Amino acid sequence: MTGRWLNIRKNWPLFVMLAPAVVLLFVFSYIPMAGIVIAFQRFVPAKGLFGPQEWVGLKNFAYVFSLRNTGQVIFNTVYISFFKILLGILVPLTVSLLLNEVRRSWYKRTVQTIIYFPYFISWVILSGILFDILSPSTGIVNSFLGWLGIQPIYFLGTASVFPWTIIFSDVWKNYGFNTILYMAAITQLPQDLYESAGMDGAGRLRCAWSITMPGILPIVMLTAVLAMGSILNAGFEQVYNLVSPVVYSTGDIIDTLVFRMSIGSTTGGAQYSLATAIGLFKSGVSFVMISTGYYLAYRFADYKVF
C-alpha cells in the first residue's frame with residue numbers, strides 16, 4: 001500500500017469532514033463556470049444556456065472597453081482597491097503590535113471586542129449610519145469640524161473626497177478581524193525569544209522589530225497575496241449603498257457599472273453577455289495578480305503557499 005493510501009486510511013475522518021465542503025465548492029464554483037460561454041454570445045435567456053445562441057466572439061469585450069467611462073471606472077476600481085489592501089494590512093498590523101505590548105488582559109480583550117464589532121454589521125445598515133454621521137448639516141463629524149472652524153465637508157457628495165471615504169470606512173469596518181488574525185499569529189511565537197532578547201538589553205521596540213515582525217511575516221505575506229487577487233474587487237456592496245451619480249467620476253467601480261448594465265437602467269435591457277464578459281475579464285486579471293503574488297512571496301520572502 002502506497003504512502004498516499006496509508007495517509008487516507010489513517011486520516012479518513014478528516015477527509016469525510018472535508019467532503020461536504022468539496023461538494024459545495026464543486027457545485028457552486030465549478031459547475032457555474034459553464035456559463036462563461038455567455039461572454040462570447042448575444043445571450044437570449046429564453047433560448048436557454050445551451051440553446052441556439054448567436055456567437056459574437058470578442059465583440060462583447062470590445063463593446064465594454066469602447067464605452068467612454070470604462071477606463072475611468074477601471075482606474076477607480078484599482079485606486080480604491082489598492083489603498084483598501086494597503087491600509088487593510090498596515091492598520092491591523094500596527095494595532096496588533098500595539099495590543100501585543102498591553103499587559104492587562106482584560107483591557108486587551110475589551111479593545112479587541114470593540115474594534116471587532118463593526119465587522120458584523122452589514123453595509124446596508126452601516127451605510128445608513130454613515131449617511132447620518134457624515135451628513136454635512138446634522139452629522140456628528142461635520143458638527144465637530146464646525147467647532148474647529150472648518151467648513152462642512154460633503155464626504156459622500158464630493159468627487160475628490162468620496163473614494164477616501166470608501167477606503168477609510170472599509171478599513172474601519174474590517175481591521176478588527178484582521179487584527180485578531182495577526183494577534184493569533186503573534187501568540188504562536190516562542191516566548192523564550194523575547195526573554196533572551198530582554199536579557200540582552202533589547203527593549204519593546206527592538207523586540208517588536210526583530211522578533212515579532214519576522215515571526216508573523218508569513219501570515220502578512222499570505223494576506224497580501226490573497227488580497228492581490230481581488231485588486232479589481234473594490235467592494236460592490238459598500239460602494240453600491242454609498243455611491244450616487246454626482247460622484248460617479250471617482251466612485252463608480254466595475255461591479256456597479258456591470259450591475260447597471262445587467263439590470264438595464266443604462267442599456268435598455270438586461271445585458272447578461274456584457275456582465276459576463278467583464279466578469280471574465282476580472283477573473284483573468286485576478287488570476288494573473290494572485291499568481292504574481294505567489295511568485296513574489298516566494299522570491300522575496302521565501303514563503304510557499306503550496
# chains A, B, ... in the order shown; residues from 1 in each chain; ligands from 1
$ residues_around --residues "A:Leu97" --least-positions-apart "6" --cutoff "10 Å" --atoms "only C-alpha atoms" --output "list in words"
Thr179, Tyr182, Met183, Ile186, Leu205, Ala208, Trp209, Thr212 and Met213 of chain A
$ write_last_selection --atoms "N, CA and C atoms" --output "PDB file, in the first residue's frame"
ATOM      1  N   THR A 179      -6.953  42.216  12.773  1.00  0.00           N
ATOM      2  CA  THR A 179      -6.158  42.351  13.991  1.00  0.00           C
ATOM      3  C   THR A 179      -6.149  41.052  14.779  1.00  0.00           C
ATOM      4  N   TYR A 182      -3.761  38.599  13.118  1.00  0.00           N
ATOM      5  CA  TYR A 182      -2.351  38.842  13.422  1.00  0.00           C
ATOM      6  C   TYR A 182      -2.035  38.558  14.888  1.00  0.00           C
ATOM      7  N   MET A 183      -2.970  38.857  15.774  1.00  0.00           N
ATOM      8  CA  MET A 183      -2.748  38.563  17.190  1.00  0.00           C
ATOM      9  C   MET A 183      -2.615  37.061  17.419  1.00  0.00           C
ATOM     10  N   ILE A 186       0.826  36.142  16.481  1.00  0.00           N
ATOM     11  CA  ILE A 186       1.814  36.604  17.460  1.00  0.00           C
ATOM     12  C   ILE A 186       1.867  35.686  18.669  1.00  0.00           C
ATOM     13  N   LEU A 205      10.478  47.995  21.535  1.00  0.00           N
ATOM     14  CA  LEU A 205      10.516  48.349  20.115  1.00  0.00           C
ATOM     15  C   LEU A 205      11.451  47.425  19.348  1.00  0.00           C
ATOM     16  N   ALA A 208       9.817  44.022  19.005  1.00  0.00           N
ATOM     17  CA  ALA A 208       8.751  44.043  18.015  1.00  0.00           C
ATOM     18  C   ALA A 208       9.323  44.013  16.598  1.00  0.00           C
ATOM     19  N   TRP A 209      10.418  44.736  16.384  1.00  0.00           N
ATOM     20  CA  TRP A 209      11.000  44.820  15.050  1.00  0.00           C
ATOM     21  C   TRP A 209      11.806  43.581  14.686  1.00  0.00           C
ATOM     22  N   THR A 212       8.929  39.954  16.589  1.00  0.00           N
ATOM     23  CA  THR A 212       7.512  39.847  16.229  1.00  0.00           C
ATOM     24  C   THR A 212       7.297  39.980  14.734  1.00  0.00           C
ATOM     25  N   MET A 213       7.868  41.019  14.130  1.00  0.00           N
ATOM     26  CA  MET A 213       7.653  41.241  12.708  1.00  0.00           C
ATOM     27  C   MET A 213       8.153  40.084  11.843  1.00  0.00           C
TER      28      MET A 213
END
$ select_by_dssp --residues "stretch 39-226 of chain A" --states "strand (DSSP E)" --output "list in words"
Gln41, Arg42, Glu54 and Trp55 of chain A
$ closest_residue --among "A:Tyr298, A:Tyr240, A:Phe177, A:Trp55" --to "A:Gly88" --atoms "only C-alpha atoms"
A:Phe177
$ residues_around --residues "A:Leu98" --least-positions-apart "5" --cutoff "10 Å" --atoms "only C-alpha atoms" --output "PDB file with N, CA and C atoms, in the first residue's frame"
ATOM      1  N   PRO A  92      -4.309  47.035  10.758  1.00  0.00           N
ATOM      2  CA  PRO A  92      -4.417  45.947  11.743  1.00  0.00           C
ATOM      3  C   PRO A  92      -3.066  45.428  12.220  1.00  0.00           C
ATOM      4  N   LEU A  93      -2.047  45.488  11.354  1.00  0.00           N
ATOM      5  CA  LEU A  93      -0.715  45.058  11.778  1.00  0.00           C
ATOM      6  C   LEU A  93      -0.185  45.979  12.868  1.00  0.00           C
ATOM      7  N   LYS A 108      -6.978  44.390  26.966  1.00  0.00           N
ATOM      8  CA  LYS A 108      -6.721  43.911  25.611  1.00  0.00           C
ATOM      9  C   LYS A 108      -7.971  43.266  25.014  1.00  0.00           C
ATOM     10  N   ALA A 208       9.817  44.022  19.005  1.00  0.00           N
ATOM     11  CA  ALA A 208       8.751  44.043  18.015  1.00  0.00           C
ATOM     12  C   ALA A 208       9.323  44.013  16.598  1.00  0.00           C
TER      13      ALA A 208
END
$ atom_distance --atom1 "atom CA of A:Ile80" --atom2 "atom CA of A:Val285"
16.1 Å
$ atom_distance --atom1 "atom CA of A:Tyr248" --atom2 "atom CA of A:Ile167"
15.6 Å
$ atom_distance --atom1 "atom CA of A:Phe155" --atom2 "atom CA of A:Lys173"
17.0 Å
